[in-house]
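Trainee: What follows is a structure written as structure tokens; I'll ask about it next.
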Amino acid sequence: MARLWILILLCTNAWAAGPTQAQLEKRLASDPDNVAFRTQLAEIHVAGRQFAKAAELLDPYTDQLTPAGFRALAFAYSNMKKYEDEVRVLNIIAAKEEQNHEWFLLLAHAYLKQAGDTQDLVRNGQLITKAIQSLRAVLRIQRKYKPAYDLLLKTLIQQKAHNEARELLTEGINNFGERPELYRELCRIDSNDGFLVQAVENCSKSISISPKYPDHYVYLIQALYDQKEEVRAERNAISAAKKFPSSEFVQWAAGTMFFRKKNYPVATRYYLTAVKAMPDSSRAQFGLAQALFESGRHQEALDHFTKACKLDRTTVETFLSSGGRLKQTGQPELGNKYVQAANTCR
């Protein structure tokens with residue numbers, strides 16, 4: 001949608017009032033190689049959503065088209081979902097106007113659309129790489145061009161290219177200032193990637209900038225716990241849980257930390273709050289089931305194991321093994337209920 005509007009805005013002036021379609025067709029009949037007439041007629045076709053007619057008029061003249069002609073032709077191919085042709089056309093004009101960052105942004109969007117349209121994983125990766133290169137070209141020309149920066153960051157994160165994303169986030173902070181969304185993302189990837197010292201620093205900074213955003217508290221807790229700073233982790237978990245009672249993520253994280261510490265009654269309390277905040281959260285239901293089970297509340301745990309399994313089938317193995325544990329400890333009837341319920345969600 002953003003790509004569509006960019007092109008519409010680029011073409012707005014070109015589609016202003018001018019010669020009629022009939023007048024242009026008449027002029028082209030006597031002067032078929034007049035690129036200006038072809039471009040004007042193509043723009044009329046594009047405005048009328050006759051994209052194939054526009055492409056037919058312009059594509060044979062890509063050696064002579066003006067920027068307006070290239071915009072109309074690329075827009076036509078985009079709407080026809082002929083992304084390979086869109087890429088081809090944009091590459092021609094980008095090579096001619098190497099310092100015009102807008103062409104490279106449009107080219108990046110076109111590569112990403114083409115990548116999304118292919119089932120070949122190798123080809124998909126190649127096209128995404130070209131999109132990334134195009135976005136970097138934009139930023140070489142316009143270092144602080146935020147639309148290109150945002151799309152590049154999003155693409156790198158989607159591709160799990162966290163080292164590159166981390167560098168880009170640092171660049172973004174230098175270029176755009178201490179924006180909350182940049183520190184939030186830096187906090188998240190540092191914590192998840194095990195860069196614990198950096199995670200604690202960046203998550204603390206993120207919290208100071210936007211204290212009402214719950215998720216970075218979770219990543220700070222995770223980094224502190226993994227860094228063996230369990231007292232600080234526990235203190236932050238309790239504080240965050242009190243501050244964000246409606247955040248499933250925060251409540252789940254607090255429950256998980258206490259579950260890992262084998263404090264099952266406390267874990268149960270947090271998991272219950274997480275389930276209340278988001279009943280269809282598989283992780284909250286699963287955590288609650290496990291905490292209840294380890295607390296000896298096996299009958300209650302069964303209901304939550306069942307709900308978790310329906311939401312996420314990967315929980316079935318723990319569900320089955322819990323039933324096996326009940327059989328081994330002299331509760332065969334309840335153990336069989338576990339196994340039967342688990343088998344229904346395989």
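Going through the structure tokens in order, the chains are called A, B, and so on, while each chain numbers its residues from 1 and the ligands are numbered from 1 in the order shown.
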Using DSSP on the backbone coordinates, identify the residues of stretch 34-127 of chain A assigned to helix (DSSP H, G or I); present them as a VMD selection string.

Mentor: chain A and resid 35 to 47 51 to 61 67 to 79 83 to 96 101 to 116 121 to 127

Trainee: Counting only C-alpha atoms, what is within 12 Å of A:Phe293, bar same-chain residues fewer than 3 positions away, as a PDB file with all heavy atoms, in the first residue's frame?

Mentor:
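Output (out_25.pdb):
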```
ATOM      1  N   PHE A 259       9.041 -19.877  37.651  1.00  0.00           N
ATOM      2  CA  PHE A 259       8.972 -21.313  37.340  1.00  0.00           C
ATOM      3  C   PHE A 259      10.380 -21.891  37.241  1.00  0.00           C
ATOM      4  O   PHE A 259      10.655 -22.985  37.757  1.00  0.00           O
ATOM      5  CB  PHE A 259       8.213 -21.535  36.030  1.00  0.00           C
ATOM      6  CG  PHE A 259       7.991 -22.981  35.696  1.00  0.00           C
ATOM      7  CD1 PHE A 259       6.908 -23.678  36.215  1.00  0.00           C
ATOM      8  CD2 PHE A 259       8.881 -23.667  34.874  1.00  0.00           C
ATOM      9  CE1 PHE A 259       6.707 -25.020  35.915  1.00  0.00           C
ATOM     10  CE2 PHE A 259       8.690 -25.004  34.573  1.00  0.00           C
ATOM     11  CZ  PHE A 259       7.596 -25.683  35.096  1.00  0.00           C
ATOM     12  N   LYS A 262      11.763 -22.664  40.349  1.00  0.00           N
ATOM     13  CA  LYS A 262      10.977 -23.719  40.995  1.00  0.00           C
ATOM     14  C   LYS A 262      10.090 -23.200  42.123  1.00  0.00           C
ATOM     15  O   LYS A 262       9.731 -23.943  43.037  1.00  0.00           O
ATOM     16  CB  LYS A 262      11.883 -24.850  41.502  1.00  0.00           C
ATOM     17  CG  LYS A 262      12.641 -25.540  40.382  1.00  0.00           C
ATOM     18  CD  LYS A 262      13.416 -26.755  40.860  1.00  0.00           C
ATOM     19  CE  LYS A 262      14.119 -27.436  39.681  1.00  0.00           C
ATOM     20  NZ  LYS A 262      14.869 -28.635  40.095  1.00  0.00           N
ATOM     21  N   TYR A 264       6.835 -22.615  42.304  1.00  0.00           N
ATOM     22  CA  TYR A 264       5.650 -22.883  41.498  1.00  0.00           C
ATOM     23  C   TYR A 264       4.398 -22.124  41.948  1.00  0.00           C
ATOM     24  O   TYR A 264       3.628 -21.671  41.093  1.00  0.00           O
ATOM     25  CB  TYR A 264       5.388 -24.391  41.441  1.00  0.00           C
ATOM     26  CG  TYR A 264       6.560 -25.160  40.893  1.00  0.00           C
ATOM     27  CD1 TYR A 264       7.175 -26.166  41.639  1.00  0.00           C
ATOM     28  CD2 TYR A 264       7.074 -24.871  39.634  1.00  0.00           C
ATOM     29  CE1 TYR A 264       8.265 -26.872  41.151  1.00  0.00           C
ATOM     30  CE2 TYR A 264       8.174 -25.574  39.128  1.00  0.00           C
ATOM     31  CZ  TYR A 264       8.768 -26.560  39.898  1.00  0.00           C
ATOM     32  OH  TYR A 264       9.848 -27.248  39.413  1.00  0.00           O
ATOM     33  N   PRO A 265       4.151 -21.941  43.237  1.00  0.00           N
ATOM     34  CA  PRO A 265       2.954 -21.169  43.624  1.00  0.00           C
ATOM     35  C   PRO A 265       3.000 -19.725  43.125  1.00  0.00           C
ATOM     36  O   PRO A 265       1.983 -19.192  42.660  1.00  0.00           O
ATOM     37  CB  PRO A 265       2.969 -21.250  45.157  1.00  0.00           C
ATOM     38  CG  PRO A 265       3.705 -22.514  45.463  1.00  0.00           C
ATOM     39  CD  PRO A 265       4.780 -22.584  44.417  1.00  0.00           C
ATOM     40  N   ALA A 267       4.812 -18.655  40.543  1.00  0.00           N
ATOM     41  CA  ALA A 267       4.705 -18.744  39.078  1.00  0.00           C
ATOM     42  C   ALA A 267       3.242 -18.885  38.669  1.00  0.00           C
ATOM     43  O   ALA A 267       2.795 -18.245  37.705  1.00  0.00           O
ATOM     44  CB  ALA A 267       5.523 -19.926  38.565  1.00  0.00           C
ATOM     45  N   THR A 268       2.505 -19.700  39.410  1.00  0.00           N
ATOM     46  CA  THR A 268       1.086 -19.905  39.105  1.00  0.00           C
ATOM     47  C   THR A 268       0.323 -18.582  39.164  1.00  0.00           C
ATOM     48  O   THR A 268      -0.516 -18.307  38.307  1.00  0.00           O
ATOM     49  CB  THR A 268       0.473 -20.903  40.096  1.00  0.00           C
ATOM     50  OG1 THR A 268       1.104 -22.180  39.922  1.00  0.00           O
ATOM     51  CG2 THR A 268      -1.026 -21.050  39.876  1.00  0.00           C
ATOM     52  N   PHE A 286       0.109 -22.795  28.759  1.00  0.00           N
ATOM     53  CA  PHE A 286       1.065 -23.881  28.960  1.00  0.00           C
ATOM     54  C   PHE A 286       1.866 -23.668  30.241  1.00  0.00           C
ATOM     55  O   PHE A 286       2.079 -24.605  31.028  1.00  0.00           O
ATOM     56  CB  PHE A 286       2.004 -23.963  27.752  1.00  0.00           C
ATOM     57  CG  PHE A 286       2.932 -25.139  27.769  1.00  0.00           C
ATOM     58  CD1 PHE A 286       2.463 -26.429  27.955  1.00  0.00           C
ATOM     59  CD2 PHE A 286       4.297 -24.957  27.584  1.00  0.00           C
ATOM     60  CE1 PHE A 286       3.318 -27.532  27.952  1.00  0.00           C
ATOM     61  CE2 PHE A 286       5.166 -26.041  27.575  1.00  0.00           C
ATOM     62  CZ  PHE A 286       4.675 -27.329  27.768  1.00  0.00           C
ATOM     63  N   GLY A 287       2.306 -22.427  30.460  1.00  0.00           N
ATOM     64  CA  GLY A 287       3.036 -22.134  31.693  1.00  0.00           C
ATOM     65  C   GLY A 287       2.183 -22.396  32.919  1.00  0.00           C
ATOM     66  O   GLY A 287       2.652 -22.973  33.910  1.00  0.00           O
ATOM     67  N   LEU A 288       0.922 -21.971  32.854  1.00  0.00           N
ATOM     68  CA  LEU A 288       0.009 -22.181  33.985  1.00  0.00           C
ATOM     69  C   LEU A 288      -0.210 -23.670  34.225  1.00  0.00           C
ATOM     70  O   LEU A 288      -0.210 -24.134  35.380  1.00  0.00           O
ATOM     71  CB  LEU A 288      -1.322 -21.483  33.714  1.00  0.00           C
ATOM     72  CG  LEU A 288      -2.408 -21.639  34.783  1.00  0.00           C
ATOM     73  CD1 LEU A 288      -1.897 -21.185  36.147  1.00  0.00           C
ATOM     74  CD2 LEU A 288      -3.655 -20.862  34.379  1.00  0.00           C
ATOM     75  N   ALA A 289      -0.379 -24.425  33.150  1.00  0.00           N
ATOM     76  CA  ALA A 289      -0.573 -25.871  33.278  1.00  0.00           C
ATOM     77  C   ALA A 289       0.616 -26.517  33.985  1.00  0.00           C
ATOM     78  O   ALA A 289       0.459 -27.316  34.921  1.00  0.00           O
ATOM     79  CB  ALA A 289      -0.778 -26.493  31.898  1.00  0.00           C
ATOM     80  N   GLN A 290       1.808 -26.148  33.575  1.00  0.00           N
ATOM     81  CA  GLN A 290       3.012 -26.739  34.173  1.00  0.00           C
ATOM     82  C   GLN A 290       3.172 -26.329  35.640  1.00  0.00           C
ATOM     83  O   GLN A 290       3.535 -27.157  36.488  1.00  0.00           O
ATOM     84  CB  GLN A 290       4.246 -26.307  33.379  1.00  0.00           C
ATOM     85  CG  GLN A 290       4.341 -26.923  31.996  1.00  0.00           C
ATOM     86  CD  GLN A 290       5.595 -26.459  31.279  1.00  0.00           C
ATOM     87  OE1 GLN A 290       5.715 -25.293  30.897  1.00  0.00           O
ATOM     88  NE2 GLN A 290       6.546 -27.355  31.104  1.00  0.00           N
ATOM     89  N   GLY A 296       1.179 -29.705  42.372  1.00  0.00           N
ATOM     90  CA  GLY A 296       0.337 -30.807  42.825  1.00  0.00           C
ATOM     91  C   GLY A 296      -1.136 -30.611  42.508  1.00  0.00           C
ATOM     92  O   GLY A 296      -1.968 -31.437  42.911  1.00  0.00           O
ATOM     93  N   ARG A 297      -1.467 -29.589  41.774  1.00  0.00           N
ATOM     94  CA  ARG A 297      -2.870 -29.312  41.424  1.00  0.00           C
ATOM     95  C   ARG A 297      -3.159 -29.923  40.045  1.00  0.00           C
ATOM     96  O   ARG A 297      -3.425 -29.243  39.061  1.00  0.00           O
ATOM     97  CB  ARG A 297      -3.107 -27.796  41.453  1.00  0.00           C
ATOM     98  CG  ARG A 297      -2.908 -27.218  42.842  1.00  0.00           C
ATOM     99  CD  ARG A 297      -2.689 -25.709  42.855  1.00  0.00           C
ATOM    100  NE  ARG A 297      -3.863 -24.973  42.405  1.00  0.00           N
ATOM    101  CZ  ARG A 297      -3.931 -23.642  42.376  1.00  0.00           C
ATOM    102  NH1 ARG A 297      -2.887 -22.917  42.790  1.00  0.00           N
ATOM    103  NH2 ARG A 297      -5.024 -23.034  41.953  1.00  0.00           N
ATOM    104  N   HIS A 298      -3.095 -31.257  40.014  1.00  0.00           N
ATOM    105  CA  HIS A 298      -3.108 -31.972  38.737  1.00  0.00           C
ATOM    106  C   HIS A 298      -4.427 -31.868  37.988  1.00  0.00           C
ATOM    107  O   HIS A 298      -4.445 -31.767  36.755  1.00  0.00           O
ATOM    108  CB  HIS A 298      -2.746 -33.446  38.971  1.00  0.00           C
ATOM    109  CG  HIS A 298      -1.428 -33.627  39.657  1.00  0.00           C
ATOM    110  ND1 HIS A 298      -1.233 -34.530  40.681  1.00  0.00           N
ATOM    111  CD2 HIS A 298      -0.244 -32.983  39.491  1.00  0.00           C
ATOM    112  CE1 HIS A 298       0.013 -34.471  41.092  1.00  0.00           C
ATOM    113  NE2 HIS A 298       0.638 -33.536  40.394  1.00  0.00           N
ATOM    114  N   GLN A 299      -5.526 -31.908  38.681  1.00  0.00           N
ATOM    115  CA  GLN A 299      -6.825 -31.833  38.030  1.00  0.00           C
ATOM    116  C   GLN A 299      -7.016 -30.459  37.373  1.00  0.00           C
ATOM    117  O   GLN A 299      -7.517 -30.359  36.260  1.00  0.00           O
ATOM    118  CB  GLN A 299      -7.945 -32.095  39.036  1.00  0.00           C
ATOM    119  CG  GLN A 299      -9.331 -32.200  38.414  1.00  0.00           C
ATOM    120  CD  GLN A 299      -9.458 -33.368  37.442  1.00  0.00           C
ATOM    121  OE1 GLN A 299      -9.178 -34.521  37.769  1.00  0.00           O
ATOM    122  NE2 GLN A 299      -9.858 -33.066  36.211  1.00  0.00           N
ATOM    123  N   GLU A 300      -6.625 -29.415  38.070  1.00  0.00           N
ATOM    124  CA  GLU A 300      -6.725 -28.067  37.491  1.00  0.00           C
ATOM    125  C   GLU A 300      -5.788 -27.929  36.291  1.00  0.00           C
ATOM    126  O   GLU A 300      -6.121 -27.281  35.288  1.00  0.00           O
ATOM    127  CB  GLU A 300      -6.356 -27.020  38.535  1.00  0.00           C
ATOM    128  CG  GLU A 300      -7.346 -26.888  39.678  1.00  0.00           C
ATOM    129  CD  GLU A 300      -6.838 -25.889  40.701  1.00  0.00           C
ATOM    130  OE1 GLU A 300      -6.865 -24.673  40.402  1.00  0.00           O
ATOM    131  OE2 GLU A 300      -6.407 -26.312  41.792  1.00  0.00           O
ATOM    132  N   ALA A 301      -4.615 -28.526  36.402  1.00  0.00           N
ATOM    133  CA  ALA A 301      -3.623 -28.412  35.320  1.00  0.00           C
ATOM    134  C   ALA A 301      -4.142 -29.035  34.034  1.00  0.00           C
ATOM    135  O   ALA A 301      -3.840 -28.551  32.930  1.00  0.00           O
ATOM    136  CB  ALA A 301      -2.322 -29.085  35.741  1.00  0.00           C
ATOM    137  N   LEU A 302      -4.935 -30.109  34.145  1.00  0.00           N
ATOM    138  CA  LEU A 302      -5.435 -30.814  32.965  1.00  0.00           C
ATOM    139  C   LEU A 302      -6.178 -29.873  32.012  1.00  0.00           C
ATOM    140  O   LEU A 302      -5.972 -29.903  30.799  1.00  0.00           O
ATOM    141  CB  LEU A 302      -6.348 -31.966  33.392  1.00  0.00           C
ATOM    142  CG  LEU A 302      -7.067 -32.727  32.263  1.00  0.00           C
ATOM    143  CD1 LEU A 302      -6.062 -33.326  31.285  1.00  0.00           C
ATOM    144  CD2 LEU A 302      -7.965 -33.824  32.866  1.00  0.00           C
ATOM    145  N   ASP A 303      -7.024 -29.022  32.558  1.00  0.00           N
ATOM    146  CA  ASP A 303      -7.806 -28.104  31.724  1.00  0.00           C
ATOM    147  C   ASP A 303      -6.890 -27.163  30.947  1.00  0.00           C
ATOM    148  O   ASP A 303      -7.108 -26.905  29.761  1.00  0.00           O
ATOM    149  CB  ASP A 303      -8.767 -27.310  32.609  1.00  0.00           C
ATOM    150  CG  ASP A 303      -9.602 -26.332  31.805  1.00  0.00           C
ATOM    151  OD1 ASP A 303     -10.210 -26.755  30.807  1.00  0.00           O
ATOM    152  OD2 ASP A 303      -9.634 -25.132  32.166  1.00  0.00           O
ATOM    153  N   HIS A 304      -5.849 -26.692  31.605  1.00  0.00           N
ATOM    154  CA  HIS A 304      -4.956 -25.729  30.948  1.00  0.00           C
ATOM    155  C   HIS A 304      -3.987 -26.425  29.984  1.00  0.00           C
ATOM    156  O   HIS A 304      -3.631 -25.844  28.951  1.00  0.00           O
ATOM    157  CB  HIS A 304      -4.217 -24.908  31.998  1.00  0.00           C
ATOM    158  CG  HIS A 304      -5.153 -24.041  32.787  1.00  0.00           C
ATOM    159  ND1 HIS A 304      -5.727 -22.900  32.272  1.00  0.00           N
ATOM    160  CD2 HIS A 304      -5.653 -24.188  34.046  1.00  0.00           C
ATOM    161  CE1 HIS A 304      -6.519 -22.353  33.182  1.00  0.00           C
ATOM    162  NE2 HIS A 304      -6.500 -23.115  34.267  1.00  0.00           N
ATOM    163  N   PHE A 305      -3.600 -27.655  30.291  1.00  0.00           N
ATOM    164  CA  PHE A 305      -2.817 -28.422  29.314  1.00  0.00           C
ATOM    165  C   PHE A 305      -3.634 -28.616  28.033  1.00  0.00           C
ATOM    166  O   PHE A 305      -3.116 -28.488  26.923  1.00  0.00           O
ATOM    167  CB  PHE A 305      -2.434 -29.796  29.881  1.00  0.00           C
ATOM    168  CG  PHE A 305      -1.109 -29.837  30.576  1.00  0.00           C
ATOM    169  CD1 PHE A 305      -1.010 -30.268  31.898  1.00  0.00           C
ATOM    170  CD2 PHE A 305       0.054 -29.465  29.919  1.00  0.00           C
ATOM    171  CE1 PHE A 305       0.216 -30.320  32.545  1.00  0.00           C
ATOM    172  CE2 PHE A 305       1.288 -29.516  30.554  1.00  0.00           C
ATOM    173  CZ  PHE A 305       1.362 -29.941  31.879  1.00  0.00           C
ATOM    174  N   THR A 318       4.959 -32.642  26.387  1.00  0.00           N
ATOM    175  CA  THR A 318       4.959 -32.382  27.836  1.00  0.00           C
ATOM    176  C   THR A 318       3.640 -32.837  28.457  1.00  0.00           C
ATOM    177  O   THR A 318       3.612 -33.370  29.578  1.00  0.00           O
ATOM    178  CB  THR A 318       5.178 -30.886  28.108  1.00  0.00           C
ATOM    179  OG1 THR A 318       6.402 -30.478  27.504  1.00  0.00           O
ATOM    180  CG2 THR A 318       5.215 -30.596  29.601  1.00  0.00           C
ATOM    181  N   PHE A 319       2.554 -32.627  27.724  1.00  0.00           N
ATOM    182  CA  PHE A 319       1.234 -33.066  28.170  1.00  0.00           C
ATOM    183  C   PHE A 319       1.229 -34.580  28.392  1.00  0.00           C
ATOM    184  O   PHE A 319       0.811 -35.093  29.452  1.00  0.00           O
ATOM    185  CB  PHE A 319       0.217 -32.656  27.101  1.00  0.00           C
ATOM    186  CG  PHE A 319      -1.227 -32.678  27.530  1.00  0.00           C
ATOM    187  CD1 PHE A 319      -2.223 -32.293  26.626  1.00  0.00           C
ATOM    188  CD2 PHE A 319      -1.629 -33.077  28.793  1.00  0.00           C
ATOM    189  CE1 PHE A 319      -3.559 -32.308  26.986  1.00  0.00           C
ATOM    190  CE2 PHE A 319      -2.966 -33.090  29.174  1.00  0.00           C
ATOM    191  CZ  PHE A 319      -3.938 -32.721  28.258  1.00  0.00           C
ATOM    192  N   SER A 321       3.853 -36.628  28.724  1.00  0.00           N
ATOM    193  CA  SER A 321       4.803 -37.071  29.761  1.00  0.00           C
ATOM    194  C   SER A 321       4.261 -36.774  31.157  1.00  0.00           C
ATOM    195  O   SER A 321       4.528 -37.527  32.116  1.00  0.00           O
ATOM    196  CB  SER A 321       6.155 -36.393  29.561  1.00  0.00           C
ATOM    197  OG  SER A 321       6.066 -35.000  29.769  1.00  0.00           O
ATOM    198  N   SER A 322       3.457 -35.712  31.284  1.00  0.00           N
ATOM    199  CA  SER A 322       2.840 -35.420  32.582  1.00  0.00           C
ATOM    200  C   SER A 322       1.845 -36.514  32.947  1.00  0.00           C
ATOM    201  O   SER A 322       1.750 -36.935  34.119  1.00  0.00           O
ATOM    202  CB  SER A 322       2.138 -34.056  32.540  1.00  0.00           C
ATOM    203  OG  SER A 322       3.068 -33.019  32.299  1.00  0.00           O
ATOM    204  N   GLY A 323       1.105 -36.990  31.934  1.00  0.00           N
ATOM    205  CA  GLY A 323       0.190 -38.111  32.173  1.00  0.00           C
ATOM    206  C   GLY A 323       0.951 -39.352  32.595  1.00  0.00           C
ATOM    207  O   GLY A 323       0.520 -40.090  33.505  1.00  0.00           O
ATOM    208  N   ARG A 325       3.796 -39.427  34.172  1.00  0.00           N
ATOM    209  CA  ARG A 325       4.259 -39.231  35.553  1.00  0.00           C
ATOM    210  C   ARG A 325       3.148 -39.542  36.555  1.00  0.00           C
ATOM    211  O   ARG A 325       3.398 -40.142  37.612  1.00  0.00           O
ATOM    212  CB  ARG A 325       4.745 -37.791  35.740  1.00  0.00           C
ATOM    213  CG  ARG A 325       6.093 -37.503  35.124  1.00  0.00           C
ATOM    214  CD  ARG A 325       6.430 -36.015  35.201  1.00  0.00           C
ATOM    215  NE  ARG A 325       6.490 -35.525  36.577  1.00  0.00           N
ATOM    216  CZ  ARG A 325       6.649 -34.249  36.895  1.00  0.00           C
ATOM    217  NH1 ARG A 325       6.748 -33.327  35.920  1.00  0.00           N
ATOM    218  NH2 ARG A 325       6.690 -33.878  38.177  1.00  0.00           N
ATOM    219  N   LEU A 326       1.919 -39.185  36.232  1.00  0.00           N
ATOM    220  CA  LEU A 326       0.802 -39.462  37.123  1.00  0.00           C
ATOM    221  C   LEU A 326       0.588 -40.967  37.271  1.00  0.00           C
ATOM    222  O   LEU A 326       0.340 -41.469  38.384  1.00  0.00           O
ATOM    223  CB  LEU A 326      -0.473 -38.788  36.606  1.00  0.00           C
ATOM    224  CG  LEU A 326      -0.507 -37.260  36.727  1.00  0.00           C
ATOM    225  CD1 LEU A 326      -1.723 -36.708  35.998  1.00  0.00           C
ATOM    226  CD2 LEU A 326      -0.521 -36.831  38.200  1.00  0.00           C
ATOM    227  N   GLY A 335      -4.013 -40.067  35.070  1.00  0.00           N
ATOM    228  CA  GLY A 335      -2.966 -40.166  34.044  1.00  0.00           C
ATOM    229  C   GLY A 335      -3.553 -40.534  32.694  1.00  0.00           C
ATOM    230  O   GLY A 335      -3.151 -39.988  31.655  1.00  0.00           O
ATOM    231  N   TYR A 338      -5.160 -37.602  31.058  1.00  0.00           N
ATOM    232  CA  TYR A 338      -4.137 -36.755  30.429  1.00  0.00           C
ATOM    233  C   TYR A 338      -3.786 -37.293  29.043  1.00  0.00           C
ATOM    234  O   TYR A 338      -3.744 -36.547  28.057  1.00  0.00           O
ATOM    235  CB  TYR A 338      -2.872 -36.712  31.300  1.00  0.00           C
ATOM    236  CG  TYR A 338      -2.809 -35.561  32.281  1.00  0.00           C
ATOM    237  CD1 TYR A 338      -3.713 -35.466  33.346  1.00  0.00           C
ATOM    238  CD2 TYR A 338      -1.829 -34.577  32.164  1.00  0.00           C
ATOM    239  CE1 TYR A 338      -3.637 -34.426  34.264  1.00  0.00           C
ATOM    240  CE2 TYR A 338      -1.758 -33.529  33.076  1.00  0.00           C
ATOM    241  CZ  TYR A 338      -2.663 -33.454  34.117  1.00  0.00           C
ATOM    242  OH  TYR A 338      -2.584 -32.423  35.012  1.00  0.00           O
TER     243      TYR A 338
END
```

Trainee: With only C-alpha atoms as the counted atoms, please give the residues lying no more than 7 Å from stretch 112-115 of chain A, apart from itself and same-chain residues fewer than 5 positions off, as an NGL selection string.

Mentor: :A and (83-84 or 124 or 127-128 or 131)

Trainee: Residues at most 7 Å from stretch 181-191 of chain A, counting only C-alpha atoms, excluding those fewer than 5 positions away in the same chain, as a VMD selection string?

Mentor: chain A and resid 162 166 169 173 196 198 to 199 202 to 203 206 216 219 222 to 223

Trainee: Let me see the file: selected residues, N, CA and C atoms, as an mmCIF file, in the first residue's frame.

Mentor:
```cif
data_model
loop_
_atom_site.group_PDB
_atom_site.id
_atom_site.type_symbol
_atom_site.label_atom_id
_atom_site.label_comp_id
_atom_site.auth_asym_id
_atom_site.auth_seq_id
_atom_site.Cartn_x
_atom_site.Cartn_y
_atom_site.Cartn_z
ATOM 1 N N HIS A 162 20.654 -9.940 12.442
ATOM 2 C CA HIS A 162 20.682 -9.101 13.636
ATOM 3 C C HIS A 162 21.956 -8.280 13.776
ATOM 4 N N ARG A 166 21.681 -4.446 14.188
ATOM 5 C CA ARG A 166 22.240 -3.784 15.359
ATOM 6 C C ARG A 166 23.077 -2.567 14.941
ATOM 7 N N LEU A 169 20.708 0.153 13.756
ATOM 8 C CA LEU A 169 20.036 0.822 14.882
ATOM 9 C C LEU A 169 20.952 1.854 15.532
ATOM 10 N N ILE A 173 20.257 5.880 15.767
ATOM 11 C CA ILE A 173 20.299 6.702 16.974
ATOM 12 C C ILE A 173 21.189 7.917 16.754
ATOM 13 N N LEU A 196 24.383 -9.830 26.618
ATOM 14 C CA LEU A 196 23.739 -9.512 27.886
ATOM 15 C C LEU A 196 24.135 -8.157 28.451
ATOM 16 N N GLN A 198 25.257 -5.530 26.810
ATOM 17 C CA GLN A 198 24.630 -4.509 25.962
ATOM 18 C C GLN A 198 23.127 -4.467 26.178
ATOM 19 N N ALA A 199 22.517 -5.634 26.366
ATOM 20 C CA ALA A 199 21.069 -5.702 26.562
ATOM 21 C C ALA A 199 20.654 -4.965 27.827
ATOM 22 N N ASN A 202 21.091 -1.216 27.065
ATOM 23 C CA ASN A 202 20.131 -0.663 26.104
ATOM 24 C C ASN A 202 18.693 -0.781 26.584
ATOM 25 N N CYS A 203 18.379 -1.849 27.299
ATOM 26 C CA CYS A 203 17.019 -1.989 27.833
ATOM 27 C C CYS A 203 16.771 -0.961 28.941
ATOM 28 N N SER A 206 16.210 2.225 27.171
ATOM 29 C CA SER A 206 14.898 2.194 26.532
ATOM 30 C C SER A 206 13.789 2.470 27.542
ATOM 31 N N HIS A 216 10.064 -3.986 26.881
ATOM 32 C CA HIS A 216 11.500 -3.918 27.178
ATOM 33 C C HIS A 216 11.804 -4.265 28.636
ATOM 34 N N TYR A 219 12.642 -7.956 28.400
ATOM 35 C CA TYR A 219 13.969 -8.241 27.868
ATOM 36 C C TYR A 219 15.065 -7.900 28.881
ATOM 37 N N GLN A 222 15.032 -10.771 31.351
ATOM 38 C CA GLN A 222 15.650 -11.937 30.718
ATOM 39 C C GLN A 222 17.170 -11.815 30.713
ATOM 40 N N ALA A 223 17.671 -10.618 30.359
ATOM 41 C CA ALA A 223 19.122 -10.417 30.302
ATOM 42 C C ALA A 223 19.743 -10.508 31.699
#
```

Trainee: Would you please work out which residue, of A:Lys243, A:His109, A:Lys26, A:Arg179, is nearest to A:Thr155 when using only C-alpha atoms?

Mentor: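 Smallest separation from A:Thr155 among the options: A:His109.
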
Trainee: May I ask for the distance between atom CA of A:Ala76 and atom CA of A:Gln158, given in Å to one decimal place?

Mentor: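 Between atom CA of A:Ala76 and atom CA of A:Gln158 the gap works out to 28.2 Å.
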
Trainee: What's the 8 Å shell around A:Ser204, counting only C-alpha atoms, without same-chain residues fewer than 4 positions away, as a PyMOL selection string?

Mentor: chain A and resi 200+208+220

Trainee: May I ask for the distance between atom CA of A:Val266 and atom CA of A:Gln251, given in Å to one decimal place?

Mentor: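 These two atoms are separated by 11.2 Å.
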
Trainee: Just how far from atom CA of A:Gly18 is atom CA of A:Ala47, in Å to one decimal?

Mentor: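 About the pair atom CA of A:Ala47 and atom CA of A:Gly18: they are 13.0 Å apart.
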
Trainee: Can you tell me, as an NGL selection string, what residues are no more than 8 Å from A:Leu28 when counting only C-alpha atoms, ignoring any on the same chain fewer than 6 positions away?

Mentor: :A and (34 or 37-38)
